[in-house]
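**Q** Sending over protein21.tsv (TSV, C-alpha atoms).
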```tsv
chain	number	residue	atom	x	y	z
F	164	MET	CA	5.26	152.68	-111.56
F	165	LEU	CA	6.64	152.54	-108.03
F	166	LYS	CA	9.94	150.66	-108.15
F	167	VAL	CA	10.20	148.50	-105.03
F	168	VAL	CA	13.20	146.60	-103.62
F	169	ILE	CA	12.57	144.15	-100.79
F	170	CYS	CA	15.18	143.19	-98.17
F	171	VAL	CA	14.76	139.82	-96.43
F	172	SER	CA	16.89	137.66	-94.14
F	173	GLY	CA	14.89	134.46	-93.85
F	174	GLY	CA	12.00	132.46	-95.21
F	175	GLY	CA	10.37	135.41	-96.86
F	176	THR	CA	6.68	134.87	-96.06
F	177	ASN	CA	6.13	138.63	-96.13
F	178	LEU	CA	7.88	138.70	-99.50
F	179	GLN	CA	5.49	135.95	-100.60
F	180	ALA	CA	2.51	138.07	-99.51
F	181	ILE	CA	3.82	140.86	-101.76
F	182	LEU	CA	4.50	138.46	-104.67
F	183	ASP	CA	0.96	137.06	-104.31
F	184	ALA	CA	-0.57	140.53	-104.25
F	185	LYS	CA	1.35	141.39	-107.43
F	186	SER	CA	0.41	138.20	-109.29
F	187	GLU	CA	-3.23	138.62	-108.28
F	188	GLY	CA	-3.31	142.14	-109.74
F	189	ARG	CA	-3.55	143.96	-106.42
F	190	LEU	CA	-0.41	146.02	-107.06
F	191	PRO	CA	-0.97	147.37	-110.56
F	192	ASP	CA	1.25	150.43	-110.09
F	193	VAL	CA	4.16	148.55	-108.49
F	194	GLU	CA	7.27	147.13	-110.11
F	195	LEU	CA	9.03	144.53	-107.96
F	196	ALA	CA	12.54	145.46	-109.03
F	197	GLY	CA	14.67	143.29	-106.76
F	198	VAL	CA	15.21	141.29	-103.60
F	199	ILE	CA	18.30	141.66	-101.42
F	200	SER	CA	19.25	139.28	-98.64
F	201	ASN	CA	22.16	139.32	-96.20
F	202	ASN	CA	21.85	135.55	-95.95
F	203	ARG	CA	22.94	133.30	-98.82
F	204	THR	CA	20.65	130.46	-97.70
F	205	ALA	CA	17.51	132.60	-97.28
F	206	TYR	CA	14.57	130.82	-98.87
F	207	ALA	CA	13.35	134.28	-99.83
F	208	LEU	CA	15.99	134.29	-102.60
F	209	GLU	CA	14.38	131.19	-104.12
F	210	ARG	CA	10.95	132.76	-103.92
F	211	ALA	CA	12.31	135.80	-105.77
F	212	GLY	CA	13.94	133.59	-108.41
F	213	ALA	CA	10.71	131.62	-108.91
F	214	ALA	CA	8.85	134.88	-109.45
F	215	GLY	CA	11.47	136.08	-111.96
F	216	ILE	CA	12.67	138.94	-109.78
F	217	PRO	CA	16.38	139.82	-109.64
F	218	ALA	CA	17.75	138.49	-106.35
F	219	LEU	CA	21.03	139.45	-104.76
F	220	CYS	CA	22.89	138.34	-101.65
F	221	ILE	CA	25.12	140.84	-99.88
F	222	SER	CA	26.59	139.01	-96.92
F	223	PRO	CA	28.51	140.79	-94.16
F	224	GLY	CA	30.85	137.78	-94.10
F	225	ASP	CA	32.12	138.66	-97.59
F	226	PHE	CA	33.49	142.01	-96.42
F	227	GLY	CA	36.47	142.91	-94.28
F	228	ASP	CA	34.46	145.02	-91.86
F	229	ARG	CA	31.00	146.43	-91.17
F	230	GLU	CA	31.83	149.67	-92.96
F	231	ALA	CA	32.72	147.87	-96.20
F	232	PHE	CA	29.52	145.80	-95.97
F	233	HIS	CA	27.43	148.92	-95.42
F	234	ARG	CA	29.10	150.63	-98.38
F	235	ALA	CA	28.48	147.65	-100.68
F	236	PHE	CA	24.88	147.39	-99.48
F	237	LEU	CA	24.23	151.08	-100.15
F	238	GLU	CA	25.92	150.96	-103.56
F	239	ALA	CA	23.92	147.90	-104.63
F	240	MET	CA	20.75	149.63	-103.51
F	241	GLN	CA	21.59	152.84	-105.34
F	242	ARG	CA	22.25	150.89	-108.56
F	243	MET	CA	18.72	149.45	-108.29
F	244	GLU	CA	17.26	152.97	-107.97
F	245	PRO	CA	14.22	152.00	-105.89
F	246	ASP	CA	11.39	154.42	-105.11
F	247	LEU	CA	10.63	152.33	-102.05
F	248	ILE	CA	12.66	149.89	-99.95
F	249	VAL	CA	10.65	147.34	-97.98
F	250	LEU	CA	12.30	145.62	-95.01
F	251	ALA	CA	10.32	142.40	-94.77
F	252	GLY	CA	11.96	140.44	-91.98
F	253	PHE	CA	15.40	141.96	-92.52
F	254	LEU	CA	17.62	141.44	-89.49
F	255	VAL	CA	20.36	143.91	-90.43
F	256	SER	CA	20.09	147.38	-88.96
F	257	ILE	CA	20.03	149.97	-91.71
F	258	PRO	CA	23.13	152.18	-91.85
F	259	ALA	CA	22.50	155.88	-91.25
F	260	ALA	CA	23.87	156.69	-94.72
F	261	MET	CA	21.15	154.56	-96.28
F	262	VAL	CA	18.43	156.15	-94.15
F	263	LYS	CA	19.70	159.51	-95.34
F	264	ALA	CA	19.94	158.48	-99.00
F	265	PHE	CA	16.38	157.07	-98.93
F	266	ARG	CA	14.72	159.36	-96.39
F	267	ASN	CA	11.03	158.41	-95.96
F	268	ARG	CA	11.44	155.74	-98.62
F	269	ILE	CA	12.26	152.78	-96.38
F	270	ILE	CA	9.46	150.94	-94.58
F	271	ASN	CA	9.68	148.13	-92.02
F	272	VAL	CA	7.27	145.54	-90.64
F	273	HIS	CA	7.37	145.13	-86.85
F	274	PRO	CA	5.40	142.27	-85.29
F	275	SER	CA	3.78	144.24	-82.44
F	276	LEU	CA	1.74	147.35	-81.85
F	277	ILE	CA	4.55	149.90	-81.51
F	278	PRO	CA	5.50	151.30	-78.97
F	279	SER	CA	4.82	147.96	-77.23
F	280	PHE	CA	7.59	145.39	-77.58
F	281	CYS	CA	9.89	147.34	-79.84
F	282	GLY	CA	13.36	148.83	-79.69
F	283	VAL	CA	16.67	147.13	-79.00
F	284	GLY	CA	16.42	143.38	-78.43
F	285	TYR	CA	12.91	143.03	-79.83
F	286	TYR	CA	12.99	141.14	-83.12
F	287	GLY	CA	11.42	138.03	-84.60
F	288	LEU	CA	10.10	135.40	-82.20
F	289	ARG	CA	11.49	137.35	-79.21
F	290	VAL	CA	8.75	139.98	-79.68
F	291	HIS	CA	6.04	137.36	-79.24
F	292	GLU	CA	7.82	135.74	-76.29
F	293	LYS	CA	7.86	139.11	-74.57
F	294	ALA	CA	4.19	139.78	-75.37
F	295	LEU	CA	3.20	136.41	-73.87
F	296	GLU	CA	5.46	137.00	-70.84
F	297	ARG	CA	3.68	140.31	-70.17
F	298	GLY	CA	0.34	138.61	-70.65
F	299	VAL	CA	-1.14	141.07	-73.13
F	300	LYS	CA	-4.54	140.19	-74.57
F	301	ILE	CA	-4.04	142.18	-77.75
F	302	THR	CA	-0.96	142.46	-79.94
F	303	GLY	CA	-0.60	143.08	-83.67
F	304	ALA	CA	1.73	144.43	-86.31
F	305	THR	CA	3.01	147.83	-87.38
F	306	ILE	CA	4.32	149.18	-90.68
F	307	HIS	CA	6.52	152.24	-90.15
F	308	PHE	CA	9.03	154.39	-91.93
F	309	VAL	CA	12.63	153.72	-90.95
F	310	ASP	CA	14.61	156.54	-89.41
F	311	GLU	CA	17.91	156.56	-87.53
F	312	GLY	CA	16.33	155.13	-84.36
F	313	MET	CA	15.19	151.61	-83.54
F	314	ASP	CA	11.48	151.33	-84.45
F	315	THR	CA	11.08	155.08	-83.89
F	316	GLY	CA	9.97	156.15	-87.36
F	317	THR	CA	6.54	157.42	-88.35
F	318	ILE	CA	3.84	154.77	-88.07
F	319	ILE	CA	1.97	154.12	-91.32
F	320	ALA	CA	-0.42	151.33	-90.38
F	321	GLN	CA	-1.25	149.03	-87.48
F	322	LYS	CA	-3.57	146.06	-87.08
F	323	ALA	CA	-4.60	144.43	-83.82
F	324	VAL	CA	-4.53	140.66	-83.27
F	325	GLU	CA	-6.10	138.91	-80.29
F	326	VAL	CA	-3.82	136.75	-78.13
F	327	LEU	CA	-5.36	133.36	-77.37
F	328	GLU	CA	-5.01	131.58	-74.04
F	329	GLN	CA	-3.20	128.61	-75.56
F	330	ASP	CA	-0.81	130.71	-77.68
F	331	THR	CA	2.86	129.77	-77.87
F	332	PRO	CA	5.33	132.31	-79.28
F	333	LYS	CA	5.36	130.39	-82.59
F	334	ALA	CA	1.57	130.13	-82.82
F	335	LEU	CA	1.20	133.82	-82.02
F	336	GLN	CA	3.92	134.76	-84.54
F	337	ARG	CA	2.06	132.83	-87.23
F	338	ARG	CA	-1.30	134.44	-86.45
F	339	VAL	CA	0.18	137.96	-86.34
F	340	MET	CA	1.65	137.26	-89.79
F	341	GLU	CA	-1.58	135.86	-91.23
F	342	GLU	CA	-3.99	138.31	-89.62
F	343	ALA	CA	-1.89	141.47	-89.78
F	344	GLU	CA	1.49	141.51	-91.57
F	345	TRP	CA	0.44	139.80	-94.81
F	346	ILE	CA	-2.62	142.03	-95.03
F	347	LEU	CA	-1.02	145.35	-94.06
F	348	LEU	CA	2.16	145.11	-96.10
F	349	PRO	CA	0.71	144.80	-99.64
F	350	ALA	CA	-2.01	147.33	-98.72
F	351	VAL	CA	0.57	149.90	-97.56
F	352	ILE	CA	2.73	149.37	-100.67
F	353	ARG	CA	-0.35	149.90	-102.82
F	354	ASP	CA	-1.30	153.06	-100.89
F	355	ILE	CA	2.22	154.42	-101.35
F	356	ALA	CA	2.11	153.60	-105.08
F	357	GLU	CA	-1.19	155.47	-105.33
F	358	GLY	CA	0.21	158.49	-103.48
F	359	LYS	CA	-2.20	158.07	-100.57
F	360	ILE	CA	0.39	157.95	-97.82
F	361	LYS	CA	1.77	161.26	-96.67
F	362	ILE	CA	4.33	162.34	-94.14
F	363	GLY	CA	3.41	165.78	-92.93
F	364	GLU	CA	2.67	167.64	-96.15
F	365	GLU	CA	4.86	165.39	-98.25
F	366	THR	CA	3.56	162.57	-100.43
F	367	ILE	CA	6.27	160.06	-101.16
V	180	MET	CA	-22.25	138.30	-53.60
V	181	LEU	CA	-19.00	140.03	-54.56
V	182	LYS	CA	-18.66	143.13	-52.39
V	183	VAL	CA	-17.14	145.91	-54.53
V	184	VAL	CA	-15.73	149.28	-53.47
V	185	ILE	CA	-14.94	151.79	-56.20
V	186	CYS	CA	-12.30	154.54	-55.89
V	187	VAL	CA	-12.70	157.62	-58.08
V	188	SER	CA	-11.09	161.06	-58.26
V	189	GLY	CA	-13.20	162.89	-60.81
V	190	GLY	CA	-16.36	162.83	-62.87
V	191	GLY	CA	-16.90	159.13	-62.44
V	192	THR	CA	-18.00	158.05	-65.93
V	193	ASN	CA	-16.48	154.62	-65.32
V	194	LEU	CA	-18.39	154.47	-62.04
V	195	GLN	CA	-21.53	155.35	-64.01
V	196	ALA	CA	-20.87	152.45	-66.40
V	197	ILE	CA	-20.76	150.13	-63.37
V	198	LEU	CA	-23.92	151.69	-61.86
V	199	ASP	CA	-25.72	151.28	-65.19
V	200	ALA	CA	-24.63	147.66	-65.51
V	201	LYS	CA	-25.92	147.00	-61.99
V	202	SER	CA	-29.28	148.73	-62.51
V	203	GLU	CA	-29.74	146.91	-65.84
V	204	GLY	CA	-29.27	143.54	-64.14
V	205	ARG	CA	-25.88	142.79	-65.73
V	206	LEU	CA	-24.14	142.38	-62.35
V	207	PRO	CA	-26.47	140.04	-60.46
V	208	ASP	CA	-23.74	138.67	-58.18
V	209	VAL	CA	-22.24	142.05	-57.31
V	210	GLU	CA	-22.94	144.30	-54.32
V	211	LEU	CA	-21.78	147.89	-54.85
V	212	ALA	CA	-20.77	148.50	-51.26
V	213	GLY	CA	-19.18	151.92	-51.42
V	214	VAL	CA	-17.43	154.69	-53.31
V	215	ILE	CA	-14.32	156.44	-52.01
V	216	SER	CA	-12.90	159.63	-53.44
V	217	ASN	CA	-9.82	161.63	-52.54
V	218	ASN	CA	-11.54	164.71	-53.89
V	219	ARG	CA	-14.41	166.34	-52.04
V	220	THR	CA	-15.81	167.95	-55.21
V	221	ALA	CA	-15.71	164.77	-57.33
V	222	TYR	CA	-18.97	164.45	-59.24
V	223	ALA	CA	-18.58	160.69	-58.71
V	224	LEU	CA	-19.68	161.21	-55.09
V	225	GLU	CA	-22.98	162.64	-56.31
V	226	ARG	CA	-23.46	159.73	-58.70
V	227	ALA	CA	-22.93	157.33	-55.80
V	228	GLY	CA	-25.39	159.24	-53.62
V	229	ALA	CA	-28.00	159.24	-56.38
V	230	ALA	CA	-27.62	155.48	-56.67
V	231	GLY	CA	-27.96	155.03	-52.93
V	232	ILE	CA	-24.40	153.80	-52.45
V	233	PRO	CA	-22.40	154.87	-49.37
V	234	ALA	CA	-19.90	157.52	-50.51
V	235	LEU	CA	-16.88	158.69	-48.60
V	236	CYS	CA	-14.25	161.34	-49.14
V	237	ILE	CA	-10.79	160.79	-47.73
V	238	SER	CA	-8.76	163.81	-48.74
V	239	PRO	CA	-4.98	163.96	-48.30
V	240	GLY	CA	-5.45	167.63	-47.28
V	241	ASP	CA	-7.26	166.55	-44.11
V	242	PHE	CA	-4.21	164.73	-42.79
V	243	GLY	CA	-0.93	165.95	-41.43
V	244	ASP	CA	1.20	163.88	-43.78
V	245	ARG	CA	1.05	161.25	-46.51
V	246	GLU	CA	1.50	158.44	-43.99
V	247	ALA	CA	-1.54	159.49	-41.97
V	248	PHE	CA	-3.61	159.77	-45.17
V	249	HIS	CA	-2.51	156.31	-46.28
V	250	ARG	CA	-3.37	154.86	-42.85
V	251	ALA	CA	-6.85	156.45	-42.83
V	252	PHE	CA	-7.45	155.29	-46.41
V	253	LEU	CA	-6.48	151.71	-45.57
V	254	GLU	CA	-8.52	151.69	-42.36
V	255	ALA	CA	-11.63	153.00	-44.13
V	256	MET	CA	-11.20	150.37	-46.80
V	257	GLN	CA	-10.75	147.59	-44.27
V	258	ARG	CA	-13.94	148.66	-42.45
V	259	MET	CA	-15.82	148.27	-45.75
V	260	GLU	CA	-14.47	144.71	-46.15
V	261	PRO	CA	-14.53	144.65	-49.96
V	262	ASP	CA	-13.90	141.49	-51.96
V	263	LEU	CA	-12.80	143.68	-54.84
V	264	ILE	CA	-11.52	147.26	-55.08
V	265	VAL	CA	-11.99	148.98	-58.43
V	266	LEU	CA	-9.83	152.00	-59.27
V	267	ALA	CA	-11.95	153.81	-61.81
V	268	GLY	CA	-10.05	156.97	-62.61
V	269	PHE	CA	-8.37	157.19	-59.21
V	270	LEU	CA	-5.37	159.48	-59.32
V	271	VAL	CA	-3.84	158.48	-55.97
V	272	SER	CA	-1.12	155.83	-56.09
V	273	ILE	CA	-2.10	152.90	-53.91
V	274	PRO	CA	0.09	152.49	-50.80
V	275	ALA	CA	2.09	149.23	-50.65
V	276	ALA	CA	0.29	148.27	-47.42
V	277	MET	CA	-3.04	148.36	-49.24
V	278	VAL	CA	-1.71	146.32	-52.16
V	279	LYS	CA	-0.51	143.76	-49.60
V	280	ALA	CA	-3.78	143.75	-47.63
V	281	PHE	CA	-5.82	143.29	-50.82
V	282	ARG	CA	-3.40	141.27	-52.95
V	283	ASN	CA	-5.01	140.41	-56.32
V	284	ARG	CA	-8.18	142.13	-55.22
V	285	ILE	CA	-7.50	145.60	-56.64
V	286	ILE	CA	-8.08	146.30	-60.33
V	287	ASN	CA	-7.33	149.41	-62.34
V	288	VAL	CA	-8.44	150.82	-65.70
V	289	HIS	CA	-5.64	152.22	-67.87
V	290	PRO	CA	-6.57	154.12	-71.05
V	291	SER	CA	-4.05	152.45	-73.39
V	292	LEU	CA	-2.94	149.02	-74.51
V	293	ILE	CA	-0.34	148.32	-71.81
V	294	PRO	CA	2.69	148.26	-72.13
V	295	SER	CA	2.21	151.17	-74.53
V	296	PHE	CA	1.83	154.58	-72.85
V	297	CYS	CA	1.90	153.43	-69.26
V	298	GLY	CA	4.13	153.88	-66.22
V	299	VAL	CA	5.18	157.07	-64.47
V	300	GLY	CA	3.74	160.24	-65.99
V	301	TYR	CA	1.07	158.50	-68.04
V	302	TYR	CA	-2.37	159.25	-66.64
V	303	GLY	CA	-5.64	160.72	-67.87
V	304	LEU	CA	-5.53	162.91	-70.94
V	305	ARG	CA	-1.71	162.74	-71.01
V	306	VAL	CA	-1.93	159.11	-72.20
V	307	HIS	CA	-3.93	160.13	-75.26
V	308	GLU	CA	-1.68	163.12	-75.96
V	309	LYS	CA	1.30	160.76	-75.98
V	310	ALA	CA	-0.49	158.25	-78.23
V	311	LEU	CA	-1.32	160.99	-80.75
V	312	GLU	CA	2.23	162.39	-80.54
V	313	ARG	CA	3.64	158.95	-81.43
V	314	GLY	CA	1.10	158.64	-84.22
V	315	VAL	CA	-0.26	155.21	-83.32
V	316	LYS	CA	-3.16	153.96	-85.42
V	317	ILE	CA	-4.52	151.68	-82.70
V	318	THR	CA	-4.84	152.32	-78.99
V	319	GLY	CA	-7.33	151.00	-76.43
V	320	ALA	CA	-7.81	150.26	-72.76
V	321	THR	CA	-6.51	147.74	-70.25
V	322	ILE	CA	-7.93	146.35	-67.01
V	323	HIS	CA	-5.17	144.99	-64.78
V	324	PHE	CA	-4.54	143.91	-61.23
V	325	VAL	CA	-2.65	146.44	-59.16
V	326	ASP	CA	0.70	145.41	-57.73
V	327	GLU	CA	3.51	147.47	-56.18
V	328	GLY	CA	4.66	148.77	-59.58
V	329	MET	CA	3.18	151.40	-61.87
V	330	ASP	CA	0.85	149.64	-64.34
V	331	THR	CA	2.90	146.45	-63.97
V	332	GLY	CA	0.25	144.07	-62.59
V	333	THR	CA	-1.29	141.12	-64.39
V	334	ILE	CA	-3.42	142.14	-67.37
V	335	ILE	CA	-7.02	140.93	-67.17
V	336	ALA	CA	-8.57	142.37	-70.32
V	337	GLN	CA	-7.73	144.68	-73.21
V	338	LYS	CA	-9.75	146.16	-76.04
V	339	ALA	CA	-8.41	147.92	-79.12
V	340	VAL	CA	-9.74	151.25	-80.39
V	341	GLU	CA	-8.88	152.77	-83.75
V	342	VAL	CA	-7.30	156.24	-83.78
V	343	LEU	CA	-8.94	158.54	-86.32
V	344	GLU	CA	-7.05	161.08	-88.37
V	345	GLN	CA	-8.92	164.04	-86.91
V	346	ASP	CA	-8.62	162.86	-83.27
V	347	THR	CA	-7.75	165.34	-80.55
V	348	PRO	CA	-6.65	164.01	-77.13
V	349	LYS	CA	-10.13	164.76	-75.76
V	350	ALA	CA	-11.97	163.10	-78.66
V	351	LEU	CA	-9.73	160.05	-78.42
V	352	GLN	CA	-10.15	159.87	-74.63
V	353	ARG	CA	-13.91	159.89	-75.07
V	354	ARG	CA	-13.90	157.16	-77.72
V	355	VAL	CA	-11.53	154.95	-75.68
V	356	MET	CA	-13.98	155.29	-72.77
V	357	GLU	CA	-17.06	154.56	-74.87
V	358	GLU	CA	-15.61	151.80	-77.01
V	359	ALA	CA	-13.39	150.10	-74.44
V	360	GLU	CA	-13.41	151.20	-70.76
V	361	TRP	CA	-17.18	151.28	-70.21
V	362	ILE	CA	-17.52	147.89	-71.89
V	363	LEU	CA	-14.54	146.13	-70.32
V	364	LEU	CA	-14.98	147.29	-66.74
V	365	PRO	CA	-18.48	145.92	-65.96
V	366	ALA	CA	-17.65	142.74	-67.92
V	367	VAL	CA	-14.48	142.13	-65.88
V	368	ILE	CA	-16.29	142.78	-62.58
V	369	ARG	CA	-18.95	140.30	-63.65
V	370	ASP	CA	-16.32	137.70	-64.63
V	371	ILE	CA	-14.63	138.12	-61.26
V	372	ALA	CA	-17.98	137.76	-59.47
V	373	GLU	CA	-18.59	134.56	-61.41
V	374	GLY	CA	-15.15	133.17	-60.54
V	375	LYS	CA	-14.04	133.16	-64.18
V	376	ILE	CA	-10.92	135.25	-63.72
V	377	LYS	CA	-7.87	133.47	-62.41
V	378	ILE	CA	-4.35	134.46	-61.55
V	379	GLY	CA	-2.11	131.48	-62.06
V	380	GLU	CA	-3.99	128.70	-60.28
V	381	GLU	CA	-5.78	131.07	-57.97
V	382	THR	CA	-9.38	132.21	-58.46
V	383	ILE	CA	-10.09	135.39	-56.64
```
Go ahead and express the file in the form of structure tokens.
**A**
Amino acid sequence: MLKVVICVSGGGTNLQAILDAKSEGRLPDVELAGVISNNRTAYALERAGAAGIPALCISPGDFGDREAFHRAFLEAMQRMEPDLIVLAGFLVSIPAAMVKAFRNRIINVHPSLIPSFCGVGYYGLRVHEKALERGVKITGATIHFVDEGMDTGTIIAQKAVEVLEQDTPKALQRRVMEEAEWILLPAVIRDIAEGKIKIGEETI
Amino acid sequence: MLKVVICVSGGGTNLQAILDAKSEGRLPDVELAGVISNNRTAYALERAGAAGIPALCISPGDFGDREAFHRAFLEAMQRMEPDLIVLAGFLVSIPAAMVKAFRNRIINVHPSLIPSFCGVGYYGLRVHEKALERGVKITGATIHFVDEGMDTGTIIAQKAVEVLEQDTPKALQRRVMEEAEWILLPAVIRDIAEGKIKIGEETI
């Protein structure tokens, strides 16, 4: 079984896509071992509770400084002993020590076709605002491994989504979720669980 | 009739896609008025000749300096009085005076999904090398209006193309042409001829 911990900051619709895939039998080799949020009021924590998955809040506000928060976050993660960490709308940048401790075992969902609209300052709704500002006709979502850079890790999967003339950032965000993120994310987790995803010669 | 002049530097496969569309009756409102190349040995010039379209070479080497070349290029273009200029694999950057003289009447084909893999240093095969280096799973092609910047003009159309695991830059270049460029380019020219493509409130 692939032991998976999911990190979420907000509503947790990507988490829900994973929970649905699990309950529908599409993730037979996956154990959803925990959900961590940096945000005490994240609805994602309720979704985790409802699904009977251990949920934990580690809030930066509860620690004296960033270092202490990072240390607590890493220690909590190490206690959970995940095989895979999934950042599913997690708005905290991952400390280098955690990247190192879980090299090629952290994946992230980015709501564009990387390298378009990624890097510093591109997160959440902002990504879709920028895509509409540039007037692209095609956008999408990317699942990638997390390394020390910002959206610079190895790309695992991408799916294109057409931009419609009447799209607002919110409408586009919703369609990218429905047509790409919620489809790609459970599929990638399953592929990792089945040993199908390789980095170079290495199967994680 | 929309009077179209096509600028090409090399083999002219995009030009051929336009010639084919014309001869198959898919561009009824388009007059192919001329082909200009900066390269005397461009096979595109032969394609134009074979199709009975006036073909012209304006080579930078025939002029004392860049300014004189730019002036001759602009003057030749103005004599042809095009409604639309199509850059179809044209490796000369368009002088600002020509952009100004033909504002919103010059379109370019770029072999990626802009803003990925565009800007200075991204042209021809290099674009596909960079896409494979980054490991994207989806690339494509873009048709955009030409402004004073490098690949910064308004996007008219984009089409996604899947990257295959065994792709080389050459194989990927070929598939992006076949699956995107050769389809988009005649379709966009047709839409412009039919007044369907607008910039802001303006129909060109």
**Q** Could I get the residues of chain F with an atom no further than 12 Å from an atom of chain V, each paired with its nearest atom pair and that distance in Å to one decimal, using all atoms listed in the file, sorted by chain and residue number, as a tab-separated table?
**A**
```
residue	atom	partner	partner_atom	distance
F:Ser275	CA	V:Ser295	CA	10.6
F:Leu276	CA	V:Ile317	CA	7.7
F:Ile277	CA	V:Val315	CA	7.4
F:Pro278	CA	V:Ser295	CA	5.5
F:Ser279	CA	V:Ser295	CA	4.9
F:Phe280	CA	V:Pro294	CA	7.9
F:Cys281	CA	V:Ser295	CA	10.1
F:Lys293	CA	V:Pro294	CA	10.8
F:Ala294	CA	V:Pro294	CA	9.2
F:Leu295	CA	V:Ile334	CA	10.9
F:Glu296	CA	V:Thr333	CA	10.2
F:Arg297	CA	V:Thr333	CA	7.7
F:Gly298	CA	V:Ile334	CA	6.1
F:Val299	CA	V:Ile334	CA	6.3
F:Lys300	CA	V:Gln337	CA	5.7
F:Ile301	CA	V:Gln337	CA	6.4
F:Thr302	CA	V:Leu292	CA	8.7
F:Gly303	CA	V:Ile317	CA	9.5
F:Ala304	CA	V:Ile317	CA	10.2
F:Thr305	CA	V:Lys316	CA	8.9
F:Ile306	CA	V:Lys316	CA	10.3
F:His307	CA	V:Val315	CA	10.1
F:Phe308	CA	V:Gly314	CA	11.8
F:Asp314	CA	V:Arg313	CA	11.3
F:Thr315	CA	V:Arg313	CA	8.7
F:Gly316	CA	V:Arg313	CA	9.1
F:Thr317	CA	V:Gly314	CA	6.9
F:Ile318	CA	V:Gly314	CA	6.1
F:Ile319	CA	V:Lys316	CA	7.8
F:Ala320	CA	V:Lys316	CA	6.2
F:Gln321	CA	V:Lys316	CA	5.7
F:Lys322	CA	V:Ile317	CA	7.2
F:Ala323	CA	V:Ala339	CA	7.0
F:Val324	CA	V:Ala339	CA	9.2
F:Glu325	CA	V:Lys338	CA	9.2
F:Val326	CA	V:Gln337	CA	10.1
F:Leu327	CA	V:Ala336	CA	11.9
F:Glu328	CA	V:Ile335	CA	11.8
F:Ile362	CA	V:Gly314	CA	11.1
F:Gly363	CA	V:Gly314	CA	11.5
```
**Q** Using only C-alpha atoms, which of the listed residues (F:Asn271, F:Ser200, F:Ser256, F:Ser172) sits closest to F:Leu347?
**A**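 When distances to F:Leu347 are compared using only C-alpha atoms, the smallest one comes from F:Asn271.
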**Q** For F:Glu244, which of F:Lys263, F:Arg268, F:Lys333, F:Lys185 is the closest residue, counting only C-alpha atoms?
**A** F:Arg268
**Q** Using all atoms listed in the file, which of the listed residues (F:Pro191, F:Gly287, F:Gly224, F:Gly197) sits closest to F:Gly212?
**A**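 Counting all atoms listed in the file, the residue closest to F:Gly212 is F:Gly197.
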**Q** Which neighbours of stretch 352-355 of chain F fall inside 12 Å, counting only C-alpha atoms, when residues of the same chain fewer than 3 positions from it are skipped, and could you give them as JSON, numbers by chain?
**A** {"F": [164, 165, 166, 167, 168, 169, 178, 180, 181, 182, 184, 185, 188, 189, 190, 191, 192, 193, 194, 195, 246, 247, 248, 249, 250, 251, 267, 268, 269, 270, 271, 272, 306, 307, 308, 319, 320, 345, 346, 347, 348, 349, 358, 359, 360, 361, 362, 365, 366, 367]}
**Q** Please provide the set of residues having any atom within 8 Å of F:Gly175, restricted to all atoms listed in the file, with same-chain residues fewer than 2 positions apart removed, written as a list of chain:residue names.
**A** F:Val171, F:Ser172, F:Gly173, F:Asn177, F:Leu178, F:Gln179, F:Ala205, F:Tyr206, F:Ala207, F:Arg210, F:Ala251, F:Gly252
**Q** Between atom CA of F:Glu341 and atom CA of F:Leu219, what is the spacing in Å?
**A**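 Value for the atom CA of F:Leu219-atom CA of F:Glu341 distance: 26.6 Å.
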**Q** So how many Å separate atom CA of V:Met256 and atom CA of V:Glu225, to one decimal?
**A**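 We find that atom CA of V:Met256 and atom CA of V:Glu225 lie 19.5 Å from each other.
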**Q** For a quick check of understanding, using all atoms listed in the file, which of F:Gln241, F:Gln336, F:Gln329, F:Thr176 has the smallest distance to F:Leu208?
**A**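 Under the stated criterion, the closest residue is F:Thr176.
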